[in-house]
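**Q** So here's data-v3.tsv, just TSV, C-alpha atoms:
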chain	number	residue	atom	x	y	z
A	279	MET	CA	2.62	25.30	-1.78
A	280	LEU	CA	1.93	24.41	-5.42
A	281	ALA	CA	5.35	22.85	-5.82
A	282	THR	CA	4.79	20.78	-2.73
A	283	GLY	CA	1.53	19.55	-4.14
A	284	LEU	CA	3.02	18.63	-7.50
A	285	VAL	CA	5.56	16.35	-5.85
A	286	PHE	CA	2.75	13.93	-5.18
A	287	PHE	CA	1.98	13.47	-8.87
A	288	ALA	CA	4.92	11.10	-9.27
A	289	CYS	CA	3.49	7.81	-10.48
A	290	GLY	CA	4.67	4.23	-10.57
A	291	GLU	CA	6.24	2.99	-13.80
A	292	GLU	CA	4.77	0.11	-15.76
A	293	GLN	CA	6.77	-2.97	-14.84
A	294	GLU	CA	7.23	-6.30	-16.54
A	295	CYS	CA	6.65	-9.60	-14.83
A	296	THR	CA	9.93	-11.17	-13.81
A	297	GLU	CA	8.50	-13.89	-11.56
A	298	SER	CA	7.70	-17.45	-12.55
A	299	ILE	CA	3.98	-18.18	-12.25
A	300	VAL	CA	4.11	-21.94	-12.87
A	301	PRO	CA	3.98	-23.98	-9.62
A	302	LYS	CA	6.95	-26.30	-9.36
A	303	SER	CA	7.41	-29.19	-7.01
A	304	THR	CA	10.93	-29.97	-5.89
A	305	ILE	CA	11.97	-33.54	-5.10
A	306	GLY	CA	15.19	-34.33	-3.26
A	307	PHE	CA	16.94	-37.72	-3.48
A	308	TYR	CA	18.23	-39.45	-0.35
A	309	THR	CA	19.45	-42.71	1.04
A	310	LEU	CA	18.51	-43.96	4.47
A	311	SER	CA	20.85	-46.25	6.36
A	312	GLU	CA	21.02	-46.81	10.10
A	313	ASN	CA	18.56	-43.95	10.66
A	314	LYS	CA	20.91	-41.54	8.88
A	315	ILE	CA	19.58	-39.56	5.93
A	316	THR	CA	22.15	-38.75	3.26
A	317	SER	CA	21.68	-36.77	0.08
A	318	ALA	CA	22.15	-38.95	-3.00
A	319	VAL	CA	23.07	-38.18	-6.57
A	320	ILE	CA	21.02	-40.23	-9.02
A	321	LYS	CA	22.92	-40.96	-12.20
A	322	ASP	CA	21.57	-41.42	-15.74
A	323	LEU	CA	18.26	-39.87	-14.71
A	324	SER	CA	15.59	-38.97	-17.22
A	325	VAL	CA	12.17	-37.52	-16.28
A	326	TYR	CA	9.10	-36.70	-18.36
A	327	GLY	CA	5.42	-36.10	-17.79
A	328	LEU	CA	3.12	-38.97	-18.73
A	329	ALA	CA	1.78	-38.48	-22.26
A	330	ARG	CA	4.10	-35.52	-22.81
A	331	ASP	CA	6.51	-35.43	-25.73
A	332	SER	CA	9.39	-33.48	-24.26
A	333	MET	CA	11.78	-34.53	-21.51
A	334	LEU	CA	12.18	-32.46	-18.36
A	335	TYR	CA	15.52	-34.10	-17.58
A	336	ASP	CA	17.44	-36.18	-20.09
A	337	THR	CA	20.18	-38.53	-18.84
A	338	VAL	CA	21.57	-36.30	-16.13
A	339	ASP	CA	23.13	-36.77	-12.69
A	340	LYS	CA	21.00	-35.00	-10.08
A	341	SER	CA	20.45	-34.86	-6.31
A	342	ALA	CA	17.14	-32.96	-6.75
A	343	ILE	CA	14.68	-32.25	-9.53
A	344	THR	CA	11.98	-29.64	-10.03
A	345	LEU	CA	8.77	-30.72	-11.73
A	346	PRO	CA	6.00	-28.42	-13.03
A	347	LEU	CA	2.56	-29.47	-11.82
A	348	SER	CA	-0.34	-29.37	-14.24
A	349	GLN	CA	-2.62	-26.42	-13.54
A	350	THR	CA	-5.57	-27.85	-15.41
A	351	GLN	CA	-5.90	-31.11	-13.42
A	352	ASP	CA	-5.81	-32.13	-9.76
A	353	ASN	CA	-3.18	-34.78	-10.38
A	354	CYS	CA	-0.30	-35.41	-12.72
A	355	LEU	CA	2.12	-38.24	-13.36
A	356	PHE	CA	5.81	-38.28	-14.13
A	357	VAL	CA	7.99	-41.12	-15.31
A	358	MET	CA	11.51	-41.42	-13.90
A	359	LYS	CA	13.97	-43.51	-15.86
A	360	ILE	CA	17.14	-44.40	-14.00
A	361	GLY	CA	19.51	-46.41	-16.16
A	362	THR	CA	17.19	-49.04	-17.59
A	363	GLU	CA	14.64	-49.04	-14.71
A	364	TYR	CA	11.43	-47.02	-14.58
A	365	ASP	CA	9.42	-45.61	-11.69
A	366	THR	CA	6.24	-43.57	-11.86
A	367	LEU	CA	5.37	-40.64	-9.57
A	368	ARG	CA	1.83	-39.41	-9.06
A	369	PHE	CA	1.01	-36.08	-7.39
A	370	ASN	CA	-2.52	-35.59	-6.07
A	371	TYR	CA	-3.22	-32.01	-5.05
A	372	THR	CA	-5.77	-29.28	-4.62
A	373	ARG	CA	-5.55	-26.11	-6.68
A	374	ASP	CA	-6.37	-22.53	-5.64
A	375	LEU	CA	-6.15	-19.60	-7.99
A	376	ASP	CA	-4.06	-16.81	-6.51
A	377	PHE	CA	-3.24	-13.28	-7.61
A	378	VAL	CA	0.50	-12.57	-7.80
A	379	SER	CA	0.77	-8.98	-9.01
A	380	LYS	CA	-0.67	-6.62	-11.56
A	381	GLU	CA	2.20	-7.34	-13.93
A	382	CYS	CA	2.29	-11.13	-13.55
A	383	GLY	CA	-1.39	-11.89	-13.13
A	384	PHE	CA	-2.33	-15.17	-11.52
A	385	THR	CA	-0.72	-18.35	-10.37
A	386	MET	CA	-2.03	-21.62	-8.96
A	387	ARG	CA	-1.30	-22.51	-5.36
A	388	CYS	CA	-1.16	-26.31	-5.20
A	389	THR	CA	-1.30	-28.34	-2.01
A	390	ILE	CA	-0.16	-31.95	-2.23
A	391	TYR	CA	-2.34	-34.26	-0.15
A	392	LYS	CA	-1.17	-37.58	-1.54
A	393	PHE	CA	1.99	-38.75	-3.27
A	394	GLU	CA	2.09	-42.19	-4.90
A	395	PHE	CA	4.94	-44.00	-6.59
A	396	THR	CA	6.09	-47.34	-7.90
A	397	THR	CA	8.91	-49.12	-6.11
A	398	HIS	CA	11.21	-50.55	-8.74
A	399	LEU	CA	14.10	-48.43	-7.50
A	400	ILE	CA	12.38	-46.09	-5.04
A	401	ASP	CA	12.25	-47.37	-1.48
A	402	SER	CA	9.98	-44.82	0.17
A	403	ALA	CA	8.85	-41.19	0.03
A	404	GLN	CA	7.96	-38.41	2.43
A	405	ILE	CA	5.99	-35.21	1.90
A	406	ILE	CA	8.14	-32.54	3.58
A	407	TYR	CA	6.24	-29.43	2.56
A	408	PRO	CA	2.87	-29.84	0.81
A	409	TYR	CA	2.49	-26.30	-0.48
A	410	VAL	CA	3.77	-25.98	-4.01
A	411	HIS	CA	4.62	-22.45	-5.05
A	412	THR	CA	6.72	-20.94	-7.77
A	413	THR	CA	9.83	-21.00	-5.60
A	414	GLU	CA	12.02	-24.06	-5.37
A	415	THR	CA	11.25	-25.30	-1.87
A	416	GLU	CA	11.73	-29.03	-1.31
A	417	ASN	CA	8.32	-30.71	-1.19
A	418	ILE	CA	9.11	-34.42	-1.43
A	419	ARG	CA	11.95	-36.62	-0.28
A	420	LEU	CA	12.53	-39.80	-2.25
A	421	PHE	CA	14.57	-42.52	-0.58
A	422	PHE	CA	16.51	-45.11	-2.60
B	157	MET	CA	-59.31	13.13	-5.75
B	158	PHE	CA	-57.30	15.35	-3.47
B	159	ILE	CA	-53.62	15.30	-4.20
B	160	GLN	CA	-51.45	16.55	-1.40
B	161	PRO	CA	-48.58	18.65	-2.74
B	162	LYS	CA	-45.19	17.15	-2.06
B	163	PRO	CA	-43.12	19.17	0.39
B	164	LYS	CA	-40.04	20.63	-1.29
B	165	ILE	CA	-37.58	18.89	0.99
B	166	SER	CA	-34.45	19.71	-0.99
B	167	GLY	CA	-35.27	23.40	-1.24
B	168	CYS	CA	-36.17	23.57	2.45
B	169	PHE	CA	-32.98	21.78	3.41
B	170	PHE	CA	-30.85	24.08	1.29
B	171	SER	CA	-32.50	27.20	2.74
B	172	SER	CA	-31.96	25.91	6.29
B	173	VAL	CA	-28.29	25.19	5.66
B	174	LEU	CA	-27.82	28.61	4.05
B	175	LEU	CA	-29.52	30.34	6.99
B	176	LEU	CA	-27.43	28.40	9.48
B	177	PHE	CA	-24.36	29.25	7.46
B	178	VAL	CA	-25.14	32.97	7.45
B	179	MET	CA	-25.90	32.94	11.18
B	180	LEU	CA	-22.81	31.05	12.21
B	181	SER	CA	-20.37	32.86	9.98
B	182	GLY	CA	-21.12	36.03	11.93
B	183	TYR	CA	-18.59	34.82	14.48
B	184	SER	CA	-15.75	35.17	12.00
B	185	GLN	CA	-13.44	38.00	11.08
B	186	GLU	CA	-14.87	41.16	9.56
B	187	GLY	CA	-14.75	41.81	5.82
B	188	ARG	CA	-14.53	38.16	4.87
B	189	THR	CA	-16.86	36.58	2.34
B	190	PHE	CA	-18.46	33.24	3.00
B	191	GLY	CA	-20.07	30.64	0.81
B	192	PRO	CA	-19.83	27.05	-0.33
B	193	ARG	CA	-16.55	26.18	-2.01
B	194	ILE	CA	-16.74	23.71	-4.87
B	195	GLY	CA	-13.59	21.85	-5.85
B	196	ILE	CA	-12.34	19.41	-8.44
B	197	ASP	CA	-9.44	17.05	-7.88
B	198	LEU	CA	-6.71	17.72	-10.46
B	199	ALA	CA	-4.47	14.95	-9.16
B	200	ARG	CA	-6.43	12.53	-11.33
B	201	ILE	CA	-5.59	14.23	-14.61
B	202	PRO	CA	-1.81	13.55	-15.04
B	203	PRO	CA	-2.19	9.85	-14.12
B	204	TYR	CA	-4.87	9.55	-16.81
B	205	PHE	CA	-2.40	10.58	-19.53
B	206	MET	CA	0.32	8.33	-18.12
B	207	ASN	CA	-2.06	5.48	-17.38
B	208	PRO	CA	-5.31	5.76	-19.41
B	209	GLU	CA	-6.64	2.49	-18.03
B	210	LYS	CA	-7.65	4.44	-14.92
B	211	GLN	CA	-10.37	7.06	-15.24
B	212	GLY	CA	-12.29	9.01	-12.67
B	213	PHE	CA	-13.25	12.33	-11.21
B	214	GLU	CA	-13.86	13.78	-7.78
B	215	LEU	CA	-15.85	16.82	-6.75
B	216	SER	CA	-15.97	18.37	-3.30
B	217	VAL	CA	-17.91	21.01	-1.48
B	218	ASP	CA	-17.02	22.64	1.81
B	219	ALA	CA	-17.91	25.78	3.68
B	220	GLU	CA	-16.81	27.51	6.87
B	221	LEU	CA	-19.91	26.89	8.97
B	222	LEU	CA	-18.19	27.71	12.25
B	223	THR	CA	-15.00	29.68	12.70
B	224	ASN	CA	-12.20	27.50	11.26
B	225	PHE	CA	-14.57	24.54	10.99
B	226	TYR	CA	-15.31	23.32	7.44
B	227	PRO	CA	-17.80	20.48	6.93
B	228	VAL	CA	-16.81	18.65	3.73
B	229	PHE	CA	-18.68	16.45	1.30
B	230	GLU	CA	-16.80	14.70	-1.51
B	231	ILE	CA	-18.20	12.56	-4.28
B	232	GLY	CA	-16.48	10.70	-7.08
B	233	LYS	CA	-16.44	7.93	-9.59
B	234	SER	CA	-13.63	5.68	-10.70
B	235	ARG	CA	-13.19	3.09	-13.44
B	236	LEU	CA	-10.24	0.79	-13.97
B	237	THR	CA	-9.79	-1.26	-17.13
B	238	PHE	CA	-6.66	-3.34	-17.16
B	239	GLU	CA	-5.98	-5.66	-20.08
B	240	SER	CA	-2.88	-7.81	-20.46
B	241	GLU	CA	-2.08	-11.13	-22.10
B	242	ASN	CA	-2.55	-12.89	-18.73
B	243	TYR	CA	-5.88	-11.41	-17.63
B	244	GLU	CA	-8.34	-8.56	-17.94
B	245	HIS	CA	-9.61	-6.80	-14.83
B	246	TYR	CA	-12.46	-4.32	-14.60
B	247	CYS	CA	-13.47	-2.23	-11.56
B	248	ASN	CA	-16.25	0.31	-11.66
B	249	GLY	CA	-17.34	2.20	-8.58
B	250	SER	CA	-18.75	5.34	-7.03
B	251	TYR	CA	-17.98	6.79	-3.64
B	252	PHE	CA	-18.58	9.61	-1.24
B	253	ARG	CA	-16.81	10.97	1.80
B	254	VAL	CA	-18.26	13.15	4.50
B	255	GLY	CA	-16.43	14.84	7.34
B	256	PHE	CA	-14.73	18.09	8.25
B	257	ASP	CA	-11.51	20.06	8.07
B	258	TYR	CA	-10.33	22.26	10.92
B	259	ASN	CA	-8.08	25.22	10.14
B	260	ILE	CA	-5.11	25.37	12.46
B	261	LEU	CA	-3.42	28.37	10.84
B	262	ALA	CA	-3.58	31.71	12.61
B	263	TYR	CA	-5.60	34.46	10.93
B	264	TYR	CA	-3.69	37.07	8.94
B	265	SER	CA	-5.61	39.90	7.31
B	266	GLU	CA	-3.24	39.79	4.28
B	267	ILE	CA	-4.16	36.17	3.55
B	268	PRO	CA	-7.58	35.88	5.19
B	269	TYR	CA	-8.59	32.63	3.50
B	270	ASP	CA	-5.38	30.58	3.56
B	271	MET	CA	-5.68	27.53	5.68
B	272	GLY	CA	-3.60	24.70	6.99
B	273	PHE	CA	-5.89	22.02	8.22
B	274	ILE	CA	-6.39	18.66	9.77
B	275	GLY	CA	-9.60	16.75	9.38
B	276	LEU	CA	-11.55	13.54	9.43
B	277	ARG	CA	-13.66	11.72	6.84
B	278	TYR	CA	-15.95	8.73	6.67
B	279	GLY	CA	-15.82	7.13	3.22
B	280	TYR	CA	-18.14	4.70	1.47
B	281	SER	CA	-17.63	3.03	-1.88
B	282	GLY	CA	-19.90	0.71	-3.85
B	283	LEU	CA	-18.33	-1.08	-6.76
B	284	THR	CA	-18.54	-3.99	-9.16
B	285	TYR	CA	-15.56	-5.87	-10.51
B	286	ARG	CA	-14.74	-8.89	-12.60
B	287	THR	CA	-11.75	-10.64	-14.12
B	288	ASP	CA	-11.87	-12.18	-17.58
B	289	ASN	CA	-9.51	-14.26	-19.72
B	290	ILE	CA	-7.25	-15.37	-16.89
B	291	THR	CA	-4.40	-17.32	-18.48
B	292	ILE	CA	-1.54	-19.02	-16.70
B	293	GLN	CA	1.05	-19.84	-19.30
B	294	ASP	CA	2.40	-23.38	-19.03
B	295	LYS	CA	4.42	-24.65	-21.96
B	296	TYR	CA	4.69	-28.18	-20.59
B	297	TRP	CA	1.19	-29.23	-19.50
B	298	GLY	CA	-0.81	-26.58	-21.36
B	299	ASN	CA	-2.25	-23.22	-20.37
B	300	PHE	CA	-4.84	-22.79	-17.64
B	301	THR	CA	-7.70	-20.46	-18.58
B	302	SER	CA	-10.56	-19.22	-16.44
B	303	SER	CA	-12.50	-16.12	-15.43
B	304	ILE	CA	-13.99	-14.72	-12.23
B	305	PRO	CA	-17.59	-13.54	-12.63
B	306	GLU	CA	-18.73	-10.07	-11.66
B	307	ALA	CA	-18.98	-9.42	-7.94
B	308	GLU	CA	-20.17	-6.50	-5.85
B	309	MET	CA	-18.40	-4.90	-2.93
B	310	ASP	CA	-19.26	-2.30	-0.30
B	311	ALA	CA	-16.39	-0.66	1.54
B	312	HIS	CA	-16.33	1.68	4.54
B	313	TRP	CA	-13.25	3.51	5.73
B	314	LEU	CA	-11.98	6.41	7.83
B	315	GLU	CA	-9.57	9.08	6.67
B	316	ILE	CA	-7.36	11.40	8.65
B	317	THR	CA	-6.61	14.39	6.47
B	318	GLY	CA	-4.14	17.23	6.47
B	319	GLY	CA	-3.11	19.85	3.96
B	320	LEU	CA	-2.94	23.39	2.78
B	321	ARG	CA	-5.26	25.63	0.82
B	322	THR	CA	-4.64	29.13	-0.51
B	323	GLU	CA	-6.56	31.77	-2.46
B	324	ILE	CA	-4.79	32.24	-5.81
B	325	PHE	CA	-7.11	35.03	-6.87
B	326	SER	CA	-10.47	36.31	-5.74
B	327	ASN	CA	-12.66	33.35	-4.71
B	328	PHE	CA	-10.42	30.83	-6.52
B	329	PHE	CA	-8.43	28.46	-4.35
B	330	MET	CA	-5.87	25.75	-4.80
B	331	GLY	CA	-4.56	23.20	-2.36
B	332	TRP	CA	-3.57	19.67	-1.58
B	333	THR	CA	-4.83	17.15	0.92
B	334	VAL	CA	-2.90	14.18	2.27
B	335	ARG	CA	-5.13	11.34	3.34
B	336	GLY	CA	-4.31	8.50	5.68
B	337	LYS	CA	-6.99	5.92	4.92
B	338	PHE	CA	-7.96	3.10	7.24
B	339	MET	CA	-10.34	0.38	6.09
B	340	LEU	CA	-13.16	-0.31	8.55
B	341	ASN	CA	-15.17	-2.95	6.76
B	342	LYS	CA	-15.65	-4.35	3.29
B	343	THR	CA	-17.43	-7.23	1.62
B	344	GLU	CA	-15.08	-10.19	1.70
B	345	PRO	CA	-14.63	-11.60	-1.81
B	346	ALA	CA	-14.89	-15.30	-2.53
B	347	LEU	CA	-11.68	-15.36	-4.53
B	348	LEU	CA	-10.12	-12.03	-5.37
B	349	TYR	CA	-10.11	-8.46	-4.11
B	350	PRO	CA	-10.76	-5.77	-6.68
B	351	TYR	CA	-7.53	-4.16	-7.76
B	352	GLU	CA	-8.89	-0.78	-6.78
B	353	ILE	CA	-11.69	0.39	-4.51
B	354	ALA	CA	-13.07	3.65	-5.87
B	355	GLY	CA	-12.10	6.54	-3.59
B	356	TYR	CA	-9.93	4.35	-1.36
B	357	GLY	CA	-7.16	2.78	-3.42
B	358	LYS	CA	-5.72	-0.70	-3.66
B	359	GLY	CA	-8.34	-3.26	-2.73
B	360	ASN	CA	-6.20	-5.52	-0.55
B	361	LYS	CA	-4.71	-2.80	1.68
B	362	LYS	CA	-5.92	-2.24	5.25
B	363	SER	CA	-4.42	1.22	5.28
B	364	ILE	CA	-3.12	3.42	2.51
B	365	LEU	CA	-1.86	6.94	1.90
B	366	GLY	CA	-3.53	9.11	-0.72
B	367	VAL	CA	-3.18	12.64	-2.02
B	368	SER	CA	-5.57	14.97	-3.78
B	369	PHE	CA	-4.68	18.26	-5.38
B	370	SER	CA	-7.69	20.43	-6.09
B	371	VAL	CA	-8.81	23.78	-7.38
B	372	TYR	CA	-11.86	25.41	-5.82
B	373	TYR	CA	-14.31	28.16	-6.51
B	374	LYS	CA	-16.05	29.79	-3.59
B	375	ILE	CA	-19.54	31.09	-4.32
B	376	PRO	CA	-19.61	34.37	-2.40
B	377	VAL	CA	-22.97	34.17	-0.67
B	378	TYR	CA	-22.40	36.39	2.33
B	379	LYS	CA	-19.95	39.13	3.33
B	380	ASN	CA	-19.27	39.83	6.96
B	381	LYS	CA	-19.35	43.61	7.57
Kindly return the structure encoded in the file as structure tokens.
**A**
Amino acid sequence: MLATGLVFFACGEEQECTESIVPKSTIGFYTLSENKITSAVIKDLSVYGLARDSMLYDTVDKSAITLPLSQTQDNCLFVMKIGTEYDTLRFNYTRDLDFVSKECGFTMRCTIYKFEFTTHLIDSAQIIYPYVHTTETENIRLFF
Amino acid sequence: MFIQPKPKISGCFFSSVLLLFVMLSGYSQEGRTFGPRIGIDLARIPPYFMNPEKQGFELSVDAELLTNFYPVFEIGKSRLTFESENYEHYCNGSYFRVGFDYNILAYYSEIPYDMGFIGLRYGYSGLTYRTDNITIQDKYWGNFTSSIPEAEMDAHWLEITGGLRTEIFSNFFMGWTVRGKFMLNKTEPALLYPYEIAGYGKGNKKSILGVSFSVYYKIPVYKNK
């Protein structure tokens, strides 16, 4: 009986956080012709956050990008440079603090309610999935 | 001024329970001793050395008031202090459980006090908890920092119990109890559940399995002749 009881003393090990806790918004690039949506690769693409020093993407060819949303403000802006043209993206969202796990602590659940952009190269945009988590689910479609 | 003496309620209550106990235990097998059995949960000691952030104790008292029927009262305290680079979480609570165990083992004169039981408990916990220094690391836009102020919670739950208990030497017992816990009601938090509800377990679980492993001493009050 004692041995049976001692079996239950087994305890969980301390674990390290292996999850990302920064909310990331994923944007896919598309073209729209004759009501047909086609994935598009944007060439010579550079992206950075407004008033940030470092580039998120630097002269790359991409069909989708993942952008970290600011967790200290309810909006953030990114600049997209394609070749020599610039467009600006603005995310407006609500933020809710959420507990992930004992090891990882907290994350911010962001919900995009408005997406604004300039139209130098971008034609239109569509919010596909407004909930921005730490996984790379497509949130926005940009049409060129 | 005439001062009316206060009735000694606690003494009266204790005497009544003892009398009832002596009367009812007369139904049981001859030669057995009866009395309240006081226990301490040892299952909390090894986790403390492996995980010192969690501290607590639990005491219990039971007695065979009717043949094979053991009313149980359990009381405990639990404190959780978790500190990491991302947040600090503190839970501090007290709890009690009240219910009964029913012995389903047949009586053997060689092991007159061994029992295999099933039982039921009602549990209540009152606790406070808070979370400080919440930090979400963000190398690009800058870290988010915040804290969640102290909140109070009341929790009520039911437990279905089962286990074994044996006399290891005269009047000393040892045994384990498996507890299926089912949350009935608790104060809904504005933002975050406490990581642990004292006496219940993880704060966000509607049902949970728990185990206690206790040693007991039975105060031999009465011997059936």
**Q** Looking at A:Glu381, A:Asp376, A:Glu394, A:Glu297, which one is nearest to Tyr349 in chain B, with distances taken over all atoms listed in the file?
**A**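 Checking each of A:Glu381, A:Asp376, A:Glu394, A:Glu297 against Tyr349 in chain B, counting all atoms listed in the file, the winner is A:Asp376.
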**Q** Near chain A, meaning an atom within 7 Å, which residues of chain B appear when counting all atoms listed in the file? Write them as a list in words.
**A** Ala199, Asn242, Tyr243, Ile292, Asp294, Trp297, Phe300, Trp332, Val367 and Phe369 of chain B
**Q** List the spatial neighbours of Ile375 in chain B as a PyMOL selection string - criterion: any atom at most 8 Å away, only C-alpha atoms, same-chain residues fewer than 6 positions off excluded.
**A** chain B and resi 190-194+327
**Q** Please provide as a list of chain:residue names all residues within 6 Å of Trp313 in chain B, with the sequence filter that same-chain residues fewer than 2 positions apart are discarded (counting only C-alpha atoms).
**A**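 The residues that qualify are B:Tyr278, B:Gly279, B:Phe338, B:Met339, B:Leu340.
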**Q** Could you check which of A:Val325, A:Ile305, A:Val410, A:Ala318 is closest to Thr389 in chain A, using all atoms listed in the file?
**A**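 Looking at the shortest contact to Thr389 in chain A, the residue is A:Val410.
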**Q** Just checking: using all atoms listed in the file, which residue out of B:Met309, B:Leu314, B:Leu347, B:Ile201 ends up closest to Leu365 in chain B?
**A**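 Checking each of B:Met309, B:Leu314, B:Leu347, B:Ile201 against Leu365 in chain B, counting all atoms listed in the file, the winner is B:Leu314.
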**Q** Kindly give the distance, in Å, that separates CA of Glu416 in chain A and CA of Ser317 in chain A, rounded to a single decimal.
**A** 12.7 Å
**Q** Pick out the residues sitting within 9 Å of His398 in chain A, and hand them over as a tab-separated table (two decimals) with C-alpha atoms, in the frame of the given file; count all atoms listed in the file, and ignore anything fewer than 3 positions along from it in its own chain.
**A**
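Now in selection.tsv:
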chain	number	residue	atom	x	y	z
A	363	GLU	CA	14.64	-49.04	-14.71
A	364	TYR	CA	11.43	-47.02	-14.58
A	365	ASP	CA	9.42	-45.61	-11.69
A	401	ASP	CA	12.25	-47.37	-1.48
**Q** Name the residues within 12 Å of (7.4, -43.9, -6.0), counting only C-alpha atoms in the file's coordinates, and put them as a PyMOL selection string.
**A** chain A and resi 305+307+355-359+364-369+392-405+418-422
**Q** Hey, can you check how far CA of Ser250 in chain B sits from CA of Arg235 in chain B?
**A**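 One can read the CA of Ser250 in chain B to CA of Arg235 in chain B distance as 8.8 Å.
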**Q** Just the number, please: distance in Å from CA of Tyr280 in chain B to CA of Pro208 in chain B, one decimal.
**A**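 It comes out at 24.5 Å.
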**Q** Range 351-364 of chain B: which residues within 8 Å, counting only C-alpha atoms, same-chain residues fewer than 2 positions away excluded, as JSON, numbers by chain?
**A** {"B": [232, 233, 234, 235, 236, 245, 247, 248, 249, 250, 251, 252, 279, 281, 282, 283, 311, 313, 336, 337, 338, 339, 349, 366]}
**Q** May I have the residues from that selection written out with C-alpha atoms, as a short mmCIF file (atom, residue, chain, number, x, y, z; two decimals), in the frame of the given file?
**A**
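The file below, again.cif, is the result:
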data_model
loop_
_atom_site.label_atom_id
_atom_site.label_comp_id
_atom_site.auth_asym_id
_atom_site.auth_seq_id
_atom_site.Cartn_x
_atom_site.Cartn_y
_atom_site.Cartn_z
CA GLY B 232 -16.48 10.70 -7.08
CA LYS B 233 -16.44 7.93 -9.59
CA SER B 234 -13.63 5.68 -10.70
CA ARG B 235 -13.19 3.09 -13.44
CA LEU B 236 -10.24 0.79 -13.97
CA HIS B 245 -9.61 -6.80 -14.83
CA CYS B 247 -13.47 -2.23 -11.56
CA ASN B 248 -16.25 0.31 -11.66
CA GLY B 249 -17.34 2.20 -8.58
CA SER B 250 -18.75 5.34 -7.03
CA TYR B 251 -17.98 6.79 -3.64
CA PHE B 252 -18.58 9.61 -1.24
CA GLY B 279 -15.82 7.13 3.22
CA SER B 281 -17.63 3.03 -1.88
CA GLY B 282 -19.90 0.71 -3.85
CA LEU B 283 -18.33 -1.08 -6.76
CA ALA B 311 -16.39 -0.66 1.54
CA TRP B 313 -13.25 3.51 5.73
CA GLY B 336 -4.31 8.50 5.68
CA LYS B 337 -6.99 5.92 4.92
CA PHE B 338 -7.96 3.10 7.24
CA MET B 339 -10.34 0.38 6.09
CA TYR B 349 -10.11 -8.46 -4.11
CA GLY B 366 -3.53 9.11 -0.72
#
**Q** Here is a test: counting only C-alpha atoms, which residue of A:Thr304, A:Thr337, A:Glu294, A:Ala342 is nearest to Ile390 in chain A?
**A**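 The answer is A:Thr304, which sits nearest to Ile390 in chain A.
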**Q** Up to 7 Å from (-6.7, -19.3, -18.4) in the file's coordinates: name the residues, counting only C-alpha atoms, as an MDAnalysis selection string.
**A** chainID B and resid 289:292 299:302
**Q** Go ahead and save the residues from that selection, with C-alpha atoms, as a compact mmCIF listing (two decimals), in the frame of the given file.
**A**
# COMPACT_ATOMS: atom_id res chain seq x y z
CA ASN B 289 -9.51 -14.26 -19.72
CA ILE B 290 -7.25 -15.37 -16.89
CA THR B 291 -4.40 -17.32 -18.48
CA ILE B 292 -1.54 -19.02 -16.70
CA ASN B 299 -2.25 -23.22 -20.37
CA PHE B 300 -4.84 -22.79 -17.64
CA THR B 301 -7.70 -20.46 -18.58
CA SER B 302 -10.56 -19.22 -16.44
**Q** Skip Tyr246 in chain B itself and residues of its chain fewer than 5 positions away, then list as number ranges by chain all residues within 7 Å of it, counting all atoms listed in the file.
**A** B: 236-238, 285-287
